$ cat input26.pdb   # PDB, C-alpha atoms, pLDDT in the B column
ATOM      1  CA  MET A   1      40.125 144.110 104.867  1.00 43.00           C
ATOM      2  CA  GLY A   2      43.275 142.602 106.455  1.00 48.00           C
ATOM      3  CA  GLY A   3      41.305 139.804 108.124  1.00 51.00           C
ATOM      4  CA  SER A   4      40.208 138.219 104.874  1.00 51.00           C
ATOM      5  CA  ASP A   5      43.765 138.369 103.495  1.00 52.00           C
ATOM      6  CA  SER A   6      45.238 136.635 106.545  1.00 51.00           C
ATOM      7  CA  THR A   7      42.427 134.050 106.535  1.00 53.00           C
ATOM      8  CA  ALA A   8      43.160 133.252 102.893  1.00 51.00           C
ATOM      9  CA  LEU A   9      46.845 132.800 103.728  1.00 50.00           C
ATOM     10  CA  ARG A  10      45.977 130.251 106.400  1.00 71.00           C
ATOM     11  CA  ARG A  11      43.576 128.314 104.172  1.00 91.00           C
ATOM     12  CA  PHE A  12      45.784 128.018 101.101  1.00 94.00           C
ATOM     13  CA  LEU A  13      49.486 127.276 100.698  1.00 95.00           C
ATOM     14  CA  GLY A  14      49.669 128.526  97.131  1.00 95.00           C
ATOM     15  CA  ARG A  15      49.041 127.148  93.661  1.00 96.00           C
ATOM     16  CA  CYS A  16      50.176 123.945  92.019  1.00 97.00           C
ATOM     17  CA  PRO A  17      52.929 124.766  89.506  1.00 96.00           C
ATOM     18  CA  ASP A  18      51.635 121.972  87.232  1.00 96.00           C
ATOM     19  CA  CYS A  19      47.873 122.620  87.042  1.00 97.00           C
ATOM     20  CA  GLU A  20      47.429 126.018  88.824  1.00 96.00           C
ATOM     21  CA  MET A  21      44.921 124.583  91.352  1.00 97.00           C
ATOM     22  CA  SER A  22      44.865 126.248  94.803  1.00 97.00           C
ATOM     23  CA  ILE A  23      46.380 123.944  97.421  1.00 97.00           C
ATOM     24  CA  PRO A  24      44.615 124.036 100.808  1.00 96.00           C
ATOM     25  CA  SER A  25      46.711 124.032 103.985  1.00 95.00           C
ATOM     26  CA  GLY A  26      45.407 120.557 104.872  1.00 96.00           C
ATOM     27  CA  ARG A  27      47.468 119.142 101.983  1.00 97.00           C
ATOM     28  CA  LEU A  28      50.795 120.222 103.538  1.00 96.00           C
ATOM     29  CA  LEU A  29      53.200 117.265 103.726  1.00 97.00           C
ATOM     30  CA  ALA A  30      56.453 118.831 104.943  1.00 96.00           C
ATOM     31  CA  VAL A  31      58.264 122.090 105.632  1.00 95.00           C
ATOM     32  CA  TYR A  32      62.029 122.216 105.412  1.00 93.00           C
ATOM     33  CA  GLU A  33      64.717 124.864 105.354  1.00 92.00           C
ATOM     34  CA  PRO A  34      67.737 124.233 103.171  1.00 89.00           C
ATOM     35  CA  PRO A  35      71.018 125.449 104.706  1.00 92.00           C
ATOM     36  CA  ASP A  36      71.373 128.252 102.164  1.00 88.00           C
ATOM     37  CA  GLY A  37      67.798 129.277 101.361  1.00 88.00           C
ATOM     38  CA  TRP A  38      64.227 130.111 102.369  1.00 88.00           C
ATOM     39  CA  PRO A  39      61.872 127.574 103.966  1.00 89.00           C
ATOM     40  CA  GLN A  40      60.293 125.260 101.391  1.00 93.00           C
ATOM     41  CA  LEU A  41      56.880 123.597 101.454  1.00 95.00           C
ATOM     42  CA  LEU A  42      55.919 120.234 100.027  1.00 96.00           C
ATOM     43  CA  ALA A  43      52.235 119.624  99.480  1.00 98.00           C
ATOM     44  CA  GLU A  44      49.950 117.312  97.553  1.00 98.00           C
ATOM     45  CA  CYS A  45      47.824 118.955  94.876  1.00 98.00           C
ATOM     46  CA  PRO A  46      44.151 118.028  95.332  1.00 96.00           C
ATOM     47  CA  ASP A  47      43.570 118.070  91.565  1.00 96.00           C
ATOM     48  CA  CYS A  48      46.534 116.359  89.895  1.00 96.00           C
ATOM     49  CA  GLU A  49      47.695 114.603  93.125  1.00 95.00           C
ATOM     50  CA  ALA A  50      51.344 115.495  92.466  1.00 96.00           C
ATOM     51  CA  VAL A  51      53.701 116.370  95.316  1.00 97.00           C
ATOM     52  CA  VAL A  52      54.796 119.938  94.567  1.00 97.00           C
ATOM     53  CA  HIS A  53      56.314 123.124  95.957  1.00 95.00           C
ATOM     54  CA  PRO A  54      53.272 125.474  96.046  1.00 95.00           C
ATOM     55  CA  ALA A  55      53.938 128.762  94.266  1.00 91.00           C
TER      56      ALA A  55
END

$ encode --input "input26.pdb" --output "structure tokens"
Amino acid sequence: MGGSDSTALRRFLGRCPDCEMSIPSGRLLAVYEPPDGWPQLLAECPDCEAVVHPA
């Protein structure tokens, strides 16, 4: 049960906020941590090819 959940987390970063497509971890472009917030991800959506913050 837990293994499949953790595997899914490693394979996908989240969903594109523009088109709702799942973004695979291989599309990760950058990780940064703003001084006053949580770490942020930038990734390229494989469908619409936009650079987004996966949700």

$ atom_distance --input "input26.pdb" --atom1 "CA of His53 in chain A" --atom2 "CA of Arg10 in chain A"
16.3 Å

$ residues_around --input "input26.pdb" --residues "Ala30 in chain A" --least-positions-apart "6" --cutoff "8 Å" --atoms "all atoms listed in the file" --output "PyMOL selection string"
chain A and resi 41-43

$ residues_near_point --input "input26.pdb" --point "(49.5, 126.8, 95.6)" --cutoff "9 Å" --atoms "only C-alpha atoms" --output "list in words"
Phe12, Leu13, Gly14, Arg15, Cys16, Pro17, Glu20, Met21, Ser22, Ile23, Pro24, Ala43, Cys45, Val52, His53, Pro54 and Ala55 of chain A

$ residues_around --input "input26.pdb" --residues "Glu44 in chain A" --least-positions-apart "6" --cutoff "7 Å" --atoms "all atoms listed in the file" --output "list in words"
Arg27, Leu28, Leu29, Ala50, Val51 and Val52 of chain A

$ write_last_selection --input "input26.pdb" --atoms "C-alpha atoms" --output "tab-separated table (two decimals), in the coordinates of the input"
chain	number	residue	atom	x	y	z
A	27	ARG	CA	47.47	119.14	101.98
A	28	LEU	CA	50.80	120.22	103.54
A	29	LEU	CA	53.20	117.26	103.73
A	50	ALA	CA	51.34	115.50	92.47
A	51	VAL	CA	53.70	116.37	95.32
A	52	VAL	CA	54.80	119.94	94.57

$ decode --input "input26.pdb" --residues "range 12-39 of chain A" --atoms "N, CA, C and O atoms" --output "compact mmCIF listing (two decimals), in the first residue's frame"
# COMPACT_ATOMS: atom_id res chain seq x y z
N PHE A 12 6.02 11.57 -10.25
CA PHE A 12 5.31 12.78 -10.66
C PHE A 12 5.53 13.91 -9.67
O PHE A 12 5.55 13.70 -8.47
N LEU A 13 5.69 15.11 -10.20
CA LEU A 13 5.89 16.30 -9.38
C LEU A 13 4.57 16.92 -8.95
O LEU A 13 4.50 17.63 -7.95
N GLY A 14 3.55 16.70 -9.74
CA GLY A 14 2.24 17.28 -9.49
C GLY A 14 1.52 17.47 -10.81
O GLY A 14 1.87 16.83 -11.80
N ARG A 15 0.57 18.38 -10.83
CA ARG A 15 -0.20 18.65 -12.04
C ARG A 15 0.06 20.07 -12.53
O ARG A 15 0.31 20.97 -11.75
N CYS A 16 -0.05 20.22 -13.84
CA CYS A 16 0.08 21.54 -14.45
C CYS A 16 -1.13 22.37 -14.05
O CYS A 16 -2.26 21.93 -14.22
N PRO A 17 -0.92 23.58 -13.53
CA PRO A 17 -2.05 24.42 -13.17
C PRO A 17 -2.82 24.95 -14.38
O PRO A 17 -3.96 25.39 -14.24
N ASP A 18 -2.23 24.88 -15.56
CA ASP A 18 -2.89 25.37 -16.78
C ASP A 18 -3.75 24.31 -17.45
O ASP A 18 -4.89 24.57 -17.82
N CYS A 19 -3.22 23.08 -17.61
CA CYS A 19 -3.95 22.06 -18.37
C CYS A 19 -4.27 20.80 -17.55
O CYS A 19 -4.88 19.88 -18.08
N GLU A 20 -3.83 20.74 -16.29
CA GLU A 20 -4.10 19.61 -15.38
C GLU A 20 -3.36 18.32 -15.73
O GLU A 20 -3.64 17.27 -15.16
N MET A 21 -2.40 18.35 -16.65
CA MET A 21 -1.62 17.17 -17.01
C MET A 21 -0.64 16.84 -15.88
O MET A 21 -0.08 17.73 -15.26
N SER A 22 -0.44 15.55 -15.59
CA SER A 22 0.56 15.13 -14.61
C SER A 22 1.95 15.44 -15.16
O SER A 22 2.24 15.18 -16.32
N ILE A 23 2.82 15.99 -14.29
CA ILE A 23 4.16 16.35 -14.71
C ILE A 23 5.14 15.34 -14.12
O ILE A 23 5.28 15.26 -12.90
N PRO A 24 5.82 14.56 -14.97
CA PRO A 24 6.77 13.57 -14.47
C PRO A 24 8.01 14.24 -13.90
O PRO A 24 8.37 15.36 -14.26
N SER A 25 8.68 13.54 -12.98
CA SER A 25 9.85 14.11 -12.30
C SER A 25 10.98 14.46 -13.26
O SER A 25 11.77 15.35 -12.97
N GLY A 26 11.04 13.82 -14.41
CA GLY A 26 12.07 14.13 -15.40
C GLY A 26 11.93 15.51 -16.02
O GLY A 26 12.84 16.00 -16.68
N ARG A 27 10.81 16.18 -15.80
CA ARG A 27 10.57 17.52 -16.34
C ARG A 27 10.94 18.63 -15.34
O ARG A 27 10.70 19.80 -15.60
N LEU A 28 11.50 18.26 -14.19
CA LEU A 28 11.92 19.24 -13.20
C LEU A 28 13.02 20.12 -13.76
O LEU A 28 14.02 19.63 -14.31
N LEU A 29 12.87 21.43 -13.65
CA LEU A 29 13.87 22.38 -14.13
C LEU A 29 14.66 23.01 -12.99
O LEU A 29 15.85 23.23 -13.13
N ALA A 30 13.99 23.31 -11.88
CA ALA A 30 14.68 23.97 -10.76
C ALA A 30 13.88 23.80 -9.48
O ALA A 30 12.66 23.65 -9.50
N VAL A 31 14.60 23.82 -8.36
CA VAL A 31 14.00 23.85 -7.03
C VAL A 31 14.62 25.04 -6.32
O VAL A 31 15.84 25.21 -6.35
N TYR A 32 13.80 25.88 -5.73
CA TYR A 32 14.34 27.00 -4.98
C TYR A 32 13.50 27.24 -3.74
O TYR A 32 12.34 26.86 -3.67
N GLU A 33 14.13 27.85 -2.74
CA GLU A 33 13.44 28.15 -1.50
C GLU A 33 13.49 29.65 -1.26
O GLU A 33 14.55 30.21 -0.98
N PRO A 34 12.35 30.31 -1.37
CA PRO A 34 12.33 31.74 -1.08
C PRO A 34 12.63 31.97 0.40
O PRO A 34 12.39 31.09 1.22
N PRO A 35 13.18 33.12 0.75
CA PRO A 35 13.58 33.37 2.14
C PRO A 35 12.44 33.25 3.14
O PRO A 35 12.66 32.93 4.29
N ASP A 36 11.21 33.46 2.71
CA ASP A 36 10.10 33.46 3.66
C ASP A 36 9.02 32.44 3.31
O ASP A 36 7.85 32.64 3.63
N GLY A 37 9.40 31.33 2.66
CA GLY A 37 8.36 30.38 2.26
C GLY A 37 8.86 28.96 2.11
O GLY A 37 9.98 28.62 2.46
N TRP A 38 7.99 28.11 1.57
CA TRP A 38 8.28 26.70 1.32
C TRP A 38 9.07 26.55 0.02
O TRP A 38 8.99 27.40 -0.85
N PRO A 39 9.81 25.44 -0.12
CA PRO A 39 10.51 25.20 -1.39
C PRO A 39 9.52 25.19 -2.56
O PRO A 39 8.40 24.72 -2.44
